[in-house]
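Scroll down for the structure; my scribbles are underneath it.
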Protein chains: 4
Amino acid sequence: MMTTTGIGLVARPQSQISKKLLQRAVTTIRSIGFRVLIERETLEAYPDVSGDDVFSLESNPPSRIVVIGGDGTLLRVGLRLGARSGDVVLMAVRAGKRGFLMDVGPEELEPALRDFVEGRLQVISHSRLRSSLRGEQLPCVLNDVVVFTREGTLVRLDVYQGSERVMGVDGDGIIVSTTTGSTAYSLNAGGPIIDPKLDVMILTPLNPVQLFLRSVVLSSNEEINLRLRPDSGPALLILDGQLKYLVEAGDTISIGQCKEPLRVARRYWWSGYYERLYARLLSYW
Amino acid sequence: MMTTTGIGLVARPQSQISKKLLQRAVTTIRSIGFRVLIERETLEAYPDVSGDDVFSLESNPPSRIVVIGGDGTLLRVGLRLGARSGDVVLMAVRAGKRGFLMDVGPEELEPALRDFVEGRLQVISHSRLRSSLRGEQLPCVLNDVVVFTREGTLVRLDVYQGSERVMGVDGDGIIVSTTTGSTAYSLNAGGPIIDPKLDVMILTPLNPVQLFLRSVVLSSNEEINLRLRPDSGPALLILDGQLKYLVEAGDTISIGQCKEPLRVARRYWWSGYYERLYARLLSYW
Amino acid sequence: MMTTTGIGLVARPQSQISKKLLQRAVTTIRSIGFRVLIERETLEAYPDVSGDDVFSLESNPPSRIVVIGGDGTLLRVGLRLGARSGDVVLMAVRAGKRGFLMDVGPEELEPALRDFVEGRLQVISHSRLRSSLRGEQLPCVLNDVVVFTREGTLVRLDVYQGSERVMGVDGDGIIVSTTTGSTAYSLNAGGPIIDPKLDVMILTPLNPVQLFLRSVVLSSNEEINLRLRPDSGPALLILDGQLKYLVEAGDTISIGQCKEPLRVARRYWWSGYYERLYARLLSYW
Amino acid sequence: MMTTTGIGLVARPQSQISKKLLQRAVTTIRSIGFRVLIERETLEAYPDVSGDDVFSLESNPPSRIVVIGGDGTLLRVGLRLGARSGDVVLMAVRAGKRGFLMDVGPEELEPALRDFVEGRLQVISHSRLRSSLRGEQLPCVLNDVVVFTREGTLVRLDVYQGSERVMGVDGDGIIVSTTTGSTAYSLNAGGPIIDPKLDVMILTPLNPVQLFLRSVVLSSNEEINLRLRPDSGPALLILDGQLKYLVEAGDTISIGQCKEPLRVARRYWWSGYYERLYARLLSYW
């Protein structure tokens, strides 16, 4: 099949930096002798970038895809790949200053592309979480599943492992995070940093009335249920900060480990992890 | 004028406990020889409660009003009184288990009413904050002015005292709280407890990316401006958890001390303050 | 050998409650037909309690030991057993109100003893941490290894995984905790709660100047080194809050997983874990 | 008296940077036509620095003193001046990278000295706290009075305003901080930042078992008592991180506002306060 012999390209729209990186990637992939496959929405955003073919993340993704942008770009690609992510390896190219999940810097795009195509990068499997709402299975998340107040009204919910209540929250909601997500929103809300070699699930309550609550770290293969109490205000279920679903008093959200991890070919991951993390934390001001 | 010779009554709607307390209050006020004035919305909620006259919080509030309900009931009364609150003294009767601002318990309604009517209670002046948005002056708040993300998108804002930047937040928003509000939402978000005898303004960032940020306590007579940066997501301006206004990138919210405090005749305030506070904090689970 | 046919007893000294439980245990063990072995220091504390023989935790512990007291009593027994803990199963009886690690309540001593002796309790293996200082191997801890300022002078240290720096702390020191210890001192210092089914190591900095630092959760089979910088003040290395060693600028403390877990026969552990935890947290005031 | 016509100099010992600044200060003061007075311990540390006379902080401090070093140097000068601080204005020169209380940078020593001598700097009055232990009045502190565990044993204490209990702590102790001290140890322990124009007292518990405890901000003219409970472990009373006193179960420490503030002539204080603060917070790593 055609798509397996080319390299896919996805880039954040409306970004001059991303566009330039996209063009450089096209040139390099061609020069190595591979076909250039452009993702449909990327092509719409940058119609003058000329590839050899077009693909869709949802229906016919190639087995190797280069993602250019920030963390949000990678998160969206993961959500859109859905069950097909099992057949795909990504490479994550940072366009701009930040982007903790994007390990390939703009200046090293060309050598990284060669390493990627020739299989010399280490492939990291990022565990993900799946969730379901009212019987509907939702896309797996790389970072987090968040139940978040709509417009500031109090959310009341309980977290259950089987019949055991792990936590009861009256507040702005709760974050259920992966190891990868532990350095994202969960960290801002007071959650711990999880070593990237450890595979867990983290519960972090959001501004709870119960001042004694702390983050709880669970095994990644736990199955948990978040139940909005009958007297809870309405909330949003937010997947990786991107997809939003309305949830209401009485609803239950089931969360567990996703069968398919997200696989990313990386130049840098375990090595220098904490130095990169603190550099990012200190870059804000 | 008629309204000055009677005692006003406001009660939380849709609450059997509030209704019974309202009826007991009507009986007691009559028995002391005062006229019973029922607030318009309260009368709509409980049409079979018979007072001597009706009043409106916005247009002709009596000088003494008994508020029956929870903290939210008192907050709403304060917002609705607006500039007229200067002529009014409230008494706060707790209907239900919690309600930290409601110091009169259900069991002491009658003696408290007599003390109130005969001027034997201590009147506490609760400082409030005023705010304005796009030139429009908004009602003064007893607890807090909150800038809060709409639907979880990142809010980016700066807080200024004159030309000095006090804090820059990338997160879910910020709480600007009074001393009274320091034990409400601000406390859940990591803010300090302020002694009720101290009059200040507290800034508490909400889940900021800037992990080094802490609450900042300012003098209550500071004037501050919250400016949403051009790249901020949309947000809600929420007054005392009750009134909501849409704010957008580029907007500035000005906040300062309200000229009129909210005056509440109290059985209990300074005395036993911390014991009551911790009892409330430990009542959640 | 004699000691294997009897049940050992250890009790907290100077406690009337512990003494009574000890006497009840003696009676019950005899009535079931087992020999009663009293630990040497326990016998010194309660010389009128008459057992059939005496044993030492360090040199000839029996294979089944009942520990009566609070969490500190169990921690001390674990430290004193040292390498011999591999041959021993404990039962933990709570004397007094608190004692989260002591699952058998005073009122259920007799049935629990029968269950223990007849092997009907579930044996939980609590992972421990070993540490070494200047080449000397120290006893394994059930809860935590803490580096703590002596007299409040600033401790400066770095935490390494191999050649990678995980954290640099200028403050009162650091806690390295087990899963079991996550609900003890680490929790008071801002660390997360770890599910008892998950086996990890938690680093929690103590009041660091670096405000952006958070707890870091590592796999329990990591090897880490804590290195006091040349300009650090002197510190104490504290094992399970019980044993103390002086450490100084330039010292390195190595920490890793202990080969032998501490095995405790339990009536209650996984089940109802969070309810028991929160009940304990709310019992303080 | 001789000392009133000269400018005093105090410098941190054992620091080449401090010594050079000291020598530059001697030259400049002479060139402006003032006598150079060297503090006794400073002269012992740097015997080849030649002044016109020697003074003692405790017995005959001149009315204007230049302090060269870090925050600790200024804190020590404040403690040693004791009741005499009322007659003295200090200038604070930073030797080295950090030193938040030291507003004059090394590069601006000479112009700042002229401004100081000629009265062109703004004199900031920093409120201080006095404390007493067992009837003995202790030196006033600029930053904080800390009750701190000796060797990690649990400290149990209660904080009282008159007969009202404000807080009960089981933990490593408590910090009672001034506004100035709010950006020092109290901040590392989770306390709020206090605007420098606001005069308060802050209570911050240290790693308490009571997870619901938060910092409490009181009026600076409150009188509080810290009472170690009968079952408390021994503790140290630490003044500004410098002076240490042993305290034991049953002891009471009384804390209130110091009559004499510490007056410091400043180039920079209100202006740019928060920018300087965050720059310092981000300088650690």
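Following the order of the structure tokens, first chain is A, next is B, and so on, with residues numbered from 1 inside each chain and ligands from 1 in the order they appear.
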Practice task
Tell me, as a ChimeraX atom specification, which residues lie within 12 Å of Gly78 in chain B, counting only C-alpha atoms; anything in the same chain fewer than 5 positions away does not count.
Solution key: /B:10,57-58,61,65,67,71-73,83-86,88-92,126-129,139-143,239-240,242-243,260-264
Practice task
Just the residues within 12 Å of Gly119 in chain C, please, counting only C-alpha atoms, with nothing from its chain fewer than 2 positions along; format it as a PyMOL selection string.
Solution key: chain C and resi 64+89-91+112-117+121-123+264-267
Would you save the residues of that selection, restricted to all heavy atoms, as a CSV table (one decimal), in the first residue's frame?
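The result, written out as result.csv:
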```
chain,number,residue,atom,x,y,z
C,64,ARG,N,7.0,-16.0,64.2
C,64,ARG,CA,5.8,-15.2,64.3
C,64,ARG,C,5.9,-14.3,65.5
C,64,ARG,O,6.1,-14.8,66.6
C,64,ARG,CB,4.6,-16.1,64.3
C,64,ARG,CG,4.2,-16.6,63.0
C,64,ARG,CD,3.1,-17.6,63.0
C,64,ARG,NE,3.6,-18.8,63.8
C,64,ARG,CZ,2.9,-20.0,63.8
C,64,ARG,NH1,1.8,-20.1,63.2
C,64,ARG,NH2,3.4,-21.0,64.5
C,89,VAL,N,7.2,-13.2,60.3
C,89,VAL,CA,5.9,-12.6,60.0
C,89,VAL,C,5.4,-11.9,61.3
C,89,VAL,O,5.4,-12.5,62.3
C,89,VAL,CB,4.9,-13.6,59.5
C,89,VAL,CG1,3.5,-12.8,59.2
C,89,VAL,CG2,5.3,-14.2,58.2
C,90,LEU,N,5.0,-10.6,61.1
C,90,LEU,CA,4.6,-9.8,62.3
C,90,LEU,C,3.0,-9.7,62.3
C,90,LEU,O,2.4,-9.9,61.2
C,90,LEU,CB,5.1,-8.4,62.2
C,90,LEU,CG,6.7,-8.3,62.1
C,90,LEU,CD1,7.1,-6.8,61.9
C,90,LEU,CD2,7.3,-8.9,63.4
C,91,MET,N,2.5,-9.5,63.4
C,91,MET,CA,1.1,-9.0,63.5
C,91,MET,C,1.1,-7.7,64.3
C,91,MET,O,1.9,-7.6,65.2
C,91,MET,CB,0.1,-10.0,64.2
C,91,MET,CG,-1.3,-9.6,64.1
C,91,MET,SD,-2.5,-10.8,64.7
C,91,MET,CE,-2.5,-10.4,66.5
C,112,ALA,N,-8.0,-12.2,66.3
C,112,ALA,CA,-6.9,-11.9,65.4
C,112,ALA,C,-5.8,-12.9,65.7
C,112,ALA,O,-5.1,-13.4,64.8
C,112,ALA,CB,-6.5,-10.5,65.4
C,113,LEU,N,-5.5,-13.1,67.0
C,113,LEU,CA,-4.4,-13.9,67.4
C,113,LEU,C,-4.6,-15.4,66.9
C,113,LEU,O,-3.7,-16.0,66.3
C,113,LEU,CB,-4.3,-14.0,68.9
C,113,LEU,CG,-3.3,-13.0,69.5
C,113,LEU,CD1,-3.3,-13.0,71.0
C,113,LEU,CD2,-1.8,-13.3,69.0
C,114,ARG,N,-5.9,-15.8,67.0
C,114,ARG,CA,-6.2,-17.2,66.5
C,114,ARG,C,-6.0,-17.3,65.0
C,114,ARG,O,-5.3,-18.2,64.5
C,114,ARG,CB,-7.6,-17.5,66.8
C,114,ARG,CG,-7.8,-17.9,68.3
C,114,ARG,CD,-9.3,-18.1,68.6
C,114,ARG,NE,-9.4,-17.9,70.1
C,114,ARG,CZ,-9.2,-18.8,71.0
C,114,ARG,NH1,-8.9,-20.1,70.6
C,114,ARG,NH2,-9.3,-18.6,72.3
C,115,ASP,N,-6.5,-16.2,64.3
C,115,ASP,CA,-6.3,-16.2,62.9
C,115,ASP,C,-4.8,-16.2,62.5
C,115,ASP,O,-4.4,-16.8,61.5
C,115,ASP,CB,-7.0,-15.0,62.3
C,115,ASP,CG,-8.5,-15.1,62.3
C,115,ASP,OD1,-9.0,-16.2,62.5
C,115,ASP,OD2,-9.2,-14.1,62.1
C,116,PHE,N,-4.0,-15.4,63.2
C,116,PHE,CA,-2.6,-15.3,63.0
C,116,PHE,C,-1.9,-16.6,63.1
C,116,PHE,O,-1.2,-17.1,62.2
C,116,PHE,CB,-2.0,-14.3,63.9
C,116,PHE,CG,-0.5,-14.0,63.8
C,116,PHE,CD1,0.1,-13.9,62.5
C,116,PHE,CD2,0.3,-13.8,64.9
C,116,PHE,CE1,1.4,-13.6,62.4
C,116,PHE,CE2,1.6,-13.6,64.8
C,116,PHE,CZ,2.2,-13.5,63.6
C,117,VAL,N,-2.2,-17.3,64.3
C,117,VAL,CA,-1.5,-18.5,64.6
C,117,VAL,C,-1.9,-19.6,63.6
C,117,VAL,O,-1.1,-20.5,63.2
C,117,VAL,CB,-1.8,-18.9,66.1
C,117,VAL,CG1,-1.5,-20.3,66.3
C,117,VAL,CG2,-1.1,-18.0,67.0
C,121,LEU,N,-4.6,-15.1,58.2
C,121,LEU,CA,-4.5,-13.7,57.8
C,121,LEU,C,-3.7,-13.6,56.5
C,121,LEU,O,-2.9,-14.4,56.2
C,121,LEU,CB,-3.8,-12.9,58.9
C,121,LEU,CG,-4.5,-12.8,60.3
C,121,LEU,CD1,-3.7,-12.0,61.2
C,121,LEU,CD2,-5.9,-12.3,60.1
C,122,GLN,N,-4.0,-12.5,55.8
C,122,GLN,CA,-3.3,-12.3,54.6
C,122,GLN,C,-1.9,-11.6,54.9
C,122,GLN,O,-1.9,-10.6,55.7
C,122,GLN,CB,-4.1,-11.3,53.7
C,122,GLN,CG,-3.4,-11.1,52.3
C,122,GLN,CD,-4.2,-10.1,51.5
C,122,GLN,OE1,-5.1,-9.4,52.0
C,122,GLN,NE2,-3.8,-10.1,50.2
C,123,VAL,N,-0.8,-12.2,54.4
C,123,VAL,CA,0.5,-11.6,54.7
C,123,VAL,C,0.8,-10.6,53.6
C,123,VAL,O,0.9,-10.9,52.5
C,123,VAL,CB,1.6,-12.7,54.8
C,123,VAL,CG1,2.9,-12.1,55.0
C,123,VAL,CG2,1.2,-13.7,55.9
C,264,VAL,N,3.8,-8.5,57.2
C,264,VAL,CA,2.9,-8.3,58.3
C,264,VAL,C,1.6,-9.0,57.9
C,264,VAL,O,1.0,-8.8,56.8
C,264,VAL,CB,2.6,-6.8,58.5
C,264,VAL,CG1,1.7,-6.6,59.7
C,264,VAL,CG2,3.9,-6.0,58.7
C,265,ALA,N,1.1,-9.9,58.8
C,265,ALA,CA,-0.1,-10.6,58.7
C,265,ALA,C,-1.2,-9.7,59.0
C,265,ALA,O,-1.3,-9.1,60.1
C,265,ALA,CB,-0.2,-11.9,59.5
C,266,ARG,N,-2.2,-9.4,58.1
C,266,ARG,CA,-3.1,-8.3,58.3
C,266,ARG,C,-4.6,-8.8,58.2
C,266,ARG,O,-4.9,-9.6,57.4
C,266,ARG,CB,-2.9,-7.2,57.3
C,266,ARG,CG,-1.5,-6.6,57.4
C,266,ARG,CD,-1.5,-5.1,57.0
C,266,ARG,NE,-0.3,-4.4,57.2
C,266,ARG,CZ,0.0,-3.7,58.3
C,266,ARG,NH1,-0.8,-3.7,59.3
C,266,ARG,NH2,1.2,-3.1,58.4
C,267,ARG,N,-5.4,-8.2,59.1
C,267,ARG,CA,-6.8,-8.3,58.9
C,267,ARG,C,-7.3,-7.3,57.9
C,267,ARG,O,-8.3,-7.6,57.1
C,267,ARG,CB,-7.5,-7.9,60.3
C,267,ARG,CG,-7.4,-9.0,61.3
C,267,ARG,CD,-8.6,-8.9,62.3
C,267,ARG,NE,-9.1,-10.2,62.5
C,267,ARG,CZ,-10.3,-10.4,63.1
C,267,ARG,NH1,-11.0,-9.4,63.5
C,267,ARG,NH2,-10.7,-11.7,63.3
```
Exercise for the section: Run DSSP on the backbone and give me the residues of range 170-264 of chain D it puts in strand (DSSP E or B), as a ChimeraX atom specification. Expected result: /D:170-171,173-178,193-194,200-206,216-219,224-228,235-239,243-247,252-257,262-264
Fill in the blank from the handout: In terms of only C-alpha atoms, the residue from C:Arg80, C:Arg120, C:Arg156, C:Arg130 at minimal distance from Val176 in chain C is C:Arg130
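Secondary structure by DSSP on the backbone puts the following residues of range 51-154 of chain A in helix (DSSP H, G or I): Asp71, Gly72, Thr73, Leu74, Leu75, Arg76, Val77, Gly78, Leu79, Arg80, Leu81, Gly82, Ala83, Arg84, Ser85, Gly86, Asp87, Pro106, Glu107, Glu108, Leu109, Glu110, Pro111, Ala112, Leu113, Arg114, Asp115, Phe116 and Val117 of chain A.
Around range 31-46 of chain D, within 7 Å and counting only C-alpha atoms, the residues found are Thr5, Gly6, Ile7, Gly8, Leu9, Val10, Ala11, Pro13, Gln14, Asp52, Asp53, Val54, Phe55, Ser56 and Leu57 of chain D, once anything fewer than 6 positions away on its own chain is removed.
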Would you output that residue set with N, CA and C atoms, as an mmCIF file, in the first residue's frame?
```cif
data_model
loop_
_atom_site.group_PDB
_atom_site.id
_atom_site.type_symbol
_atom_site.label_atom_id
_atom_site.label_comp_id
_atom_site.auth_asym_id
_atom_site.auth_seq_id
_atom_site.Cartn_x
_atom_site.Cartn_y
_atom_site.Cartn_z
ATOM 1 N N THR D 5 29.999 61.748 64.283
ATOM 2 C CA THR D 5 30.459 62.511 63.128
ATOM 3 C C THR D 5 31.070 61.612 62.045
ATOM 4 N N GLY D 6 31.049 60.318 62.273
ATOM 5 C CA GLY D 6 31.636 59.411 61.284
ATOM 6 C C GLY D 6 30.607 58.447 60.737
ATOM 7 N N ILE D 7 31.029 57.671 59.749
ATOM 8 C CA ILE D 7 30.169 56.652 59.140
ATOM 9 C C ILE D 7 30.711 55.280 59.547
ATOM 10 N N GLY D 8 29.841 54.433 60.083
ATOM 11 C CA GLY D 8 30.266 53.110 60.519
ATOM 12 C C GLY D 8 30.316 52.112 59.359
ATOM 13 N N LEU D 9 31.174 51.121 59.501
ATOM 14 C CA LEU D 9 31.294 50.075 58.470
ATOM 15 C C LEU D 9 31.294 48.698 59.124
ATOM 16 N N VAL D 10 30.430 47.834 58.623
ATOM 17 C CA VAL D 10 30.404 46.428 59.049
ATOM 18 C C VAL D 10 30.481 45.579 57.792
ATOM 19 N N ALA D 11 31.326 44.548 57.807
ATOM 20 C CA ALA D 11 31.405 43.672 56.632
ATOM 21 C C ALA D 11 31.415 42.218 57.049
ATOM 22 N N PRO D 13 32.713 38.651 57.444
ATOM 23 C CA PRO D 13 34.100 38.166 57.489
ATOM 24 C C PRO D 13 34.343 37.084 56.432
ATOM 25 N N GLN D 14 35.616 36.807 56.211
ATOM 26 C CA GLN D 14 36.046 35.712 55.330
ATOM 27 C C GLN D 14 35.425 35.779 53.941
ATOM 28 N N ASP D 52 39.417 55.323 61.105
ATOM 29 C CA ASP D 52 39.827 56.365 62.037
ATOM 30 C C ASP D 52 39.491 55.998 63.475
ATOM 31 N N ASP D 53 38.549 55.086 63.619
ATOM 32 C CA ASP D 53 38.200 54.674 64.970
ATOM 33 C C ASP D 53 37.449 53.345 64.891
ATOM 34 N N VAL D 54 37.204 52.759 66.068
ATOM 35 C CA VAL D 54 36.527 51.468 66.162
ATOM 36 C C VAL D 54 35.240 51.669 66.959
ATOM 37 N N PHE D 55 34.191 50.890 66.621
ATOM 38 C CA PHE D 55 32.983 50.984 67.437
ATOM 39 C C PHE D 55 32.416 49.586 67.664
ATOM 40 N N SER D 56 31.484 49.527 68.601
ATOM 41 C CA SER D 56 30.798 48.271 68.904
ATOM 42 C C SER D 56 29.315 48.431 68.594
ATOM 43 N N LEU D 57 28.742 47.445 67.909
ATOM 44 C CA LEU D 57 27.302 47.507 67.609
ATOM 45 C C LEU D 57 26.480 47.526 68.891
#
```
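For chain B, the residues within 7 Å of chain D are Glu164, Arg165, Val166, Pro192, Ile193, Ile194, Asp195, Leu198, Arg214, Ser215, Val216, Val217, Leu218, Ser219, Gly272 and Tyr274 of chain B, with only C-alpha atoms used to measure distance.
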Please produce an output containing N, CA, C and O atoms for each residue in the selection, written as an mmCIF file, in the first residue's frame.
```cif
data_model
loop_
_atom_site.group_PDB
_atom_site.id
_atom_site.type_symbol
_atom_site.label_atom_id
_atom_site.label_comp_id
_atom_site.auth_asym_id
_atom_site.auth_seq_id
_atom_site.Cartn_x
_atom_site.Cartn_y
_atom_site.Cartn_z
ATOM 1 N N GLU B 164 3.546 48.889 38.272
ATOM 2 C CA GLU B 164 4.344 47.758 38.752
ATOM 3 C C GLU B 164 3.589 46.457 38.537
ATOM 4 O O GLU B 164 2.433 46.324 38.975
ATOM 5 N N ARG B 165 4.270 45.472 37.944
ATOM 6 C CA ARG B 165 3.636 44.173 37.788
ATOM 7 C C ARG B 165 3.847 43.349 39.051
ATOM 8 O O ARG B 165 4.982 43.131 39.475
ATOM 9 N N VAL B 166 2.758 42.894 39.651
ATOM 10 C CA VAL B 166 2.825 42.124 40.887
ATOM 11 C C VAL B 166 2.935 40.630 40.593
ATOM 12 O O VAL B 166 3.567 39.884 41.329
ATOM 13 N N PRO B 192 -3.749 31.983 52.060
ATOM 14 C CA PRO B 192 -3.645 32.000 53.524
ATOM 15 C C PRO B 192 -4.972 32.371 54.183
ATOM 16 O O PRO B 192 -5.858 32.941 53.533
ATOM 17 N N ILE B 193 -5.088 32.055 55.452
ATOM 18 C CA ILE B 193 -6.204 32.513 56.277
ATOM 19 C C ILE B 193 -5.843 33.899 56.816
ATOM 20 O O ILE B 193 -4.729 34.103 57.305
ATOM 21 N N ILE B 194 -6.768 34.841 56.700
ATOM 22 C CA ILE B 194 -6.510 36.184 57.211
ATOM 23 C C ILE B 194 -7.322 36.394 58.485
ATOM 24 O O ILE B 194 -8.523 36.094 58.515
ATOM 25 N N ASP B 195 -6.683 36.888 59.517
ATOM 26 C CA ASP B 195 -7.397 37.187 60.759
ATOM 27 C C ASP B 195 -8.523 38.173 60.480
ATOM 28 O O ASP B 195 -8.335 39.157 59.755
ATOM 29 N N LEU B 198 -8.057 41.984 60.494
ATOM 30 C CA LEU B 198 -7.090 42.581 59.571
ATOM 31 C C LEU B 198 -7.781 42.805 58.229
ATOM 32 O O LEU B 198 -8.477 41.923 57.737
ATOM 33 N N ARG B 214 3.136 32.284 44.544
ATOM 34 C CA ARG B 214 2.415 32.086 45.798
ATOM 35 C C ARG B 214 1.373 33.190 45.924
ATOM 36 O O ARG B 214 1.411 34.176 45.185
ATOM 37 N N SER B 215 0.460 33.047 46.875
ATOM 38 C CA SER B 215 -0.485 34.122 47.157
ATOM 39 C C SER B 215 0.282 35.384 47.546
ATOM 40 O O SER B 215 1.326 35.317 48.186
ATOM 41 N N VAL B 216 -0.271 36.536 47.152
ATOM 42 C CA VAL B 216 0.282 37.828 47.557
ATOM 43 C C VAL B 216 -0.806 38.563 48.343
ATOM 44 O O VAL B 216 -1.956 38.630 47.904
ATOM 45 N N VAL B 217 -0.436 39.095 49.506
ATOM 46 C CA VAL B 217 -1.371 39.836 50.349
ATOM 47 C C VAL B 217 -1.049 41.320 50.257
ATOM 48 O O VAL B 217 0.093 41.729 50.494
ATOM 49 N N LEU B 218 -2.055 42.096 49.872
ATOM 50 C CA LEU B 218 -1.879 43.537 49.688
ATOM 51 C C LEU B 218 -2.747 44.297 50.686
ATOM 52 O O LEU B 218 -3.717 43.764 51.216
ATOM 53 N N SER B 219 -2.400 45.545 50.882
ATOM 54 C CA SER B 219 -3.262 46.423 51.661
ATOM 55 C C SER B 219 -4.617 46.532 50.969
ATOM 56 O O SER B 219 -4.717 46.526 49.738
ATOM 57 N N GLY B 272 -13.958 32.907 69.205
ATOM 58 C CA GLY B 272 -14.092 31.532 68.748
ATOM 59 C C GLY B 272 -13.945 31.376 67.242
ATOM 60 O O GLY B 272 -14.288 30.334 66.684
ATOM 61 N N TYR B 274 -11.411 30.907 65.122
ATOM 62 C CA TYR B 274 -10.590 29.824 64.570
ATOM 63 C C TYR B 274 -11.177 28.448 64.884
ATOM 64 O O TYR B 274 -11.115 27.540 64.058
#
```
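CA of Gly105 in chain B to CA of Lys20 in chain B spans 13.3 Å [interatomic distance, one decimal].
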I want to know what sits within 8 Å of Leu133 in chain A, based on only C-alpha atoms, with residues of the same chain fewer than 4 positions away left out; could you give that as a PDB file with all heavy atoms, in the first residue's frame?
```pdb
ATOM      1  N   GLN A 137     -16.961   4.801  24.187  1.00  0.00           N
ATOM      2  CA  GLN A 137     -15.510   4.796  24.341  1.00  0.00           C
ATOM      3  C   GLN A 137     -14.940   6.060  23.713  1.00  0.00           C
ATOM      4  O   GLN A 137     -15.254   6.398  22.571  1.00  0.00           O
ATOM      5  CB  GLN A 137     -14.943   3.548  23.644  1.00  0.00           C
ATOM      6  CG  GLN A 137     -13.549   3.194  24.072  1.00  0.00           C
ATOM      7  CD  GLN A 137     -13.485   2.753  25.536  1.00  0.00           C
ATOM      8  OE1 GLN A 137     -14.413   2.151  26.052  1.00  0.00           O
ATOM      9  NE2 GLN A 137     -12.393   3.089  26.194  1.00  0.00           N
ATOM     10  N   LEU A 138     -14.098   6.781  24.453  1.00  0.00           N
ATOM     11  CA  LEU A 138     -13.518   8.034  23.951  1.00  0.00           C
ATOM     12  C   LEU A 138     -12.058   7.806  23.556  1.00  0.00           C
ATOM     13  O   LEU A 138     -11.443   6.822  23.975  1.00  0.00           O
ATOM     14  CB  LEU A 138     -13.626   9.109  25.028  1.00  0.00           C
ATOM     15  CG  LEU A 138     -15.050   9.341  25.577  1.00  0.00           C
ATOM     16  CD1 LEU A 138     -15.032  10.364  26.693  1.00  0.00           C
ATOM     17  CD2 LEU A 138     -16.007   9.752  24.470  1.00  0.00           C
ATOM     18  N   ASP A 251     -23.635  11.328  36.235  1.00  0.00           N
ATOM     19  CA  ASP A 251     -22.808  10.663  35.227  1.00  0.00           C
ATOM     20  C   ASP A 251     -21.632   9.922  35.866  1.00  0.00           C
ATOM     21  O   ASP A 251     -21.110  10.327  36.907  1.00  0.00           O
ATOM     22  CB  ASP A 251     -22.242  11.690  34.236  1.00  0.00           C
ATOM     23  CG  ASP A 251     -23.210  11.985  33.090  1.00  0.00           C
ATOM     24  OD1 ASP A 251     -24.057  11.123  32.811  1.00  0.00           O
ATOM     25  OD2 ASP A 251     -23.110  13.071  32.495  1.00  0.00           O
ATOM     26  N   THR A 252     -21.208   8.833  35.203  1.00  0.00           N
ATOM     27  CA  THR A 252     -20.007   8.106  35.605  1.00  0.00           C
ATOM     28  C   THR A 252     -19.027   8.070  34.436  1.00  0.00           C
ATOM     29  O   THR A 252     -19.413   7.779  33.309  1.00  0.00           O
ATOM     30  CB  THR A 252     -20.349   6.660  36.012  1.00  0.00           C
ATOM     31  OG1 THR A 252     -21.169   6.699  37.183  1.00  0.00           O
ATOM     32  CG2 THR A 252     -19.087   5.868  36.319  1.00  0.00           C
ATOM     33  N   ILE A 253     -17.776   8.376  34.729  1.00  0.00           N
ATOM     34  CA  ILE A 253     -16.712   8.280  33.726  1.00  0.00           C
ATOM     35  C   ILE A 253     -15.778   7.153  34.147  1.00  0.00           C
ATOM     36  O   ILE A 253     -15.263   7.163  35.268  1.00  0.00           O
ATOM     37  CB  ILE A 253     -15.928   9.608  33.642  1.00  0.00           C
ATOM     38  CG1 ILE A 253     -16.868  10.743  33.243  1.00  0.00           C
ATOM     39  CG2 ILE A 253     -14.769   9.482  32.663  1.00  0.00           C
ATOM     40  CD1 ILE A 253     -16.663  12.000  34.022  1.00  0.00           C
ATOM     41  N   SER A 254     -15.598   6.174  33.260  1.00  0.00           N
ATOM     42  CA  SER A 254     -14.704   5.057  33.555  1.00  0.00           C
ATOM     43  C   SER A 254     -13.359   5.311  32.904  1.00  0.00           C
ATOM     44  O   SER A 254     -13.296   5.711  31.738  1.00  0.00           O
ATOM     45  CB  SER A 254     -15.273   3.746  33.007  1.00  0.00           C
ATOM     46  OG  SER A 254     -16.509   3.478  33.628  1.00  0.00           O
TER      47      SER A 254
END
```
